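Peer 1: Mind looking over this structure? Questions follow.
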Amino acid sequence: MIITPDLDLETLAQNVLYEDNHLLGLFKPAGMLTQGDSTGRPSLLDLGKHWLQEKYQKPGQAFLGLLHRLDRPVSGVVLFAKTSKAARRLSAQFRNRQIIKIYLAVVEGHPAPPAGTAKVYLIRQGFKSVLTSPGKATAQSAELSYKTLKTGPRTSLVQVIPATGRRHQIRAQLAALGHPIYGDRNYGSSHGLEDGIISLQAQSLTFHHPISAEQITLEAPPPQGPPWSLLG
């Protein structure tokens with residue numbers, strides 16, 4: 001079952017991807033905030049804390065460490081830490097690029113070549129990240145690899161593995177390749193989707209357990225509905 005922004009705790013429990021004494025992995029639906037902001041909209045972090053508090057009957061607020069974020073329009077795997085030790089060790093893995101993130105995206109058109117790597121420099125411009133020259137003082141390098149998995153008449157399903165973790169990196173880089181993510185009007189898509197969501201999902205996250213060092217891969221449920229379903 002895919003959760004929606006108005007989910008209750010019972011529904012959230014069905015979307016727990018992983019839990020032990022140190023970690024909690026949840027599926028975030030497109031349209032939900034990872035962390036609360038000034039809008040007051042429900043966030044996955046707050047719901048995760050509340051669910052733990054209810055499940056374990058904690059007298060105070062449950063600790064849940066935020067390790068990374070997904071943009072509100074994006075769905076997929078989000079990993080949280082339940083202890084400060086786990087948060088510290090996993091944050092180091094994220095910082096040192098030891099965590100493998102794999103995304104799926106429906107893009108407009110058919111990438112040519114169908115697979116490759118792309119490296120650019122990005123700079124923040126308002127709410128967007130845009131391409132710039134490496135000489136800019138605030139420019140950050142952004143690198144990813146992509147592979148076309150399936151094509152439809154006007155769209156393609158693409159697997160993306162970012163080598164860096166820049167803001168809006170995948171959205172900006174796919175748009176720069178001439179293949180914006182379906183629904184991502186901020187980056188040039190000619191189509192819009194309900195509630196401003198876009199066809200990008202963080203499909204899996206691979207890391208080493210902060211205590212046991214075991215390699216773990218968390219996977220999101222397969223994306224459903226249009227435009228994903230239009231690709232068969």
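Residues are named by chain letter and number: chains run A, B, ... in the order of the structure tokens, numbers start at 1 in each chain, and ligands are numbered from 1 in the order shown.
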As JSON, numbers by chain, list the residues of chain A assigned to strand (DSSP E or B) by DSSP on the backbone atoms of this structure.
Peer 2: {"A": [16, 17, 18, 19, 23, 24, 25, 26, 27, 28, 33, 43, 65, 66, 75, 76, 77, 78, 79, 80, 81, 100, 101, 102, 103, 104, 105, 106, 107, 108, 115, 116, 117, 118, 119, 120, 121, 122, 123, 124, 125, 128, 129, 130, 131, 132, 140, 141, 142, 143, 144, 145, 146, 147, 148, 149, 150, 151, 155, 156, 157, 158, 159, 160, 161, 162, 181, 200, 201, 202, 203, 204, 205, 206, 207, 208, 215, 216, 217, 218, 219]}
Peer 1: When DSSP works through the backbone of this structure, what residues of segment 47-111 of chain A end up as helix (DSSP H, G or I), shown as a VMD selection string?
Peer 2: chain A and resid 47 to 56 84 to 95
Peer 1: Could you turn the residues from that selection into a file that holds C-alpha atoms, as a short mmCIF file (atom, residue, chain, number, x, y, z; two decimals), in the first residue's frame?
Peer 2:
data_model
loop_
_atom_site.label_atom_id
_atom_site.label_comp_id
_atom_site.auth_asym_id
_atom_site.auth_seq_id
_atom_site.Cartn_x
_atom_site.Cartn_y
_atom_site.Cartn_z
CA LEU A 47 4.68 11.06 11.78
CA GLY A 48 7.59 8.70 12.37
CA LYS A 49 8.16 10.17 15.84
CA HIS A 50 4.48 9.95 16.70
CA TRP A 51 4.26 6.35 15.47
CA LEU A 52 7.24 5.31 17.63
CA GLN A 53 5.79 7.10 20.61
CA GLU A 54 2.48 5.29 20.20
CA LYS A 55 4.02 1.89 19.41
CA TYR A 56 6.35 1.86 22.41
CA SER A 84 22.38 9.46 18.53
CA LYS A 85 25.20 6.93 17.93
CA ALA A 86 23.48 5.59 14.82
CA ALA A 87 22.80 9.14 13.62
CA ARG A 88 26.44 10.12 14.01
CA ARG A 89 27.81 7.06 12.22
CA LEU A 90 25.29 7.12 9.38
CA SER A 91 25.77 10.86 8.86
CA ALA A 92 29.45 10.09 8.30
CA GLN A 93 28.51 7.52 5.65
CA PHE A 94 26.35 10.08 3.86
CA ARG A 95 29.06 12.72 4.15
#
Peer 1: Between A:Tyr182, A:Tyr146, A:Tyr18, A:Phe80, which is the closest to Leu230 of chain A once you count only C-alpha atoms?
Peer 2: A:Tyr182
Peer 1: Within 10 Å of Gly192 of chain A, counting only C-alpha atoms, which residues qualify if same-chain residues fewer than 6 places away don't, as an MDAnalysis selection string?
Peer 2: chainID A and resid 182:186 198
Peer 1: Quick one: everything within 7 Å of Ala220 of chain A, counting only C-alpha atoms, minus sequence neighbours fewer than 3 positions away in the same chain. Send it as a PyMOL selection string.
Peer 2: chain A and resi 27+76-77+203-204
Peer 1: Excluding segment 129-145 of chain A and its own-chain neighbours fewer than 3 positions away, which residues fall within 7 Å of it when counting only C-alpha atoms? Please give them as a PyMOL selection string.
Peer 2: chain A and resi 116-125+160-164+166-169+172
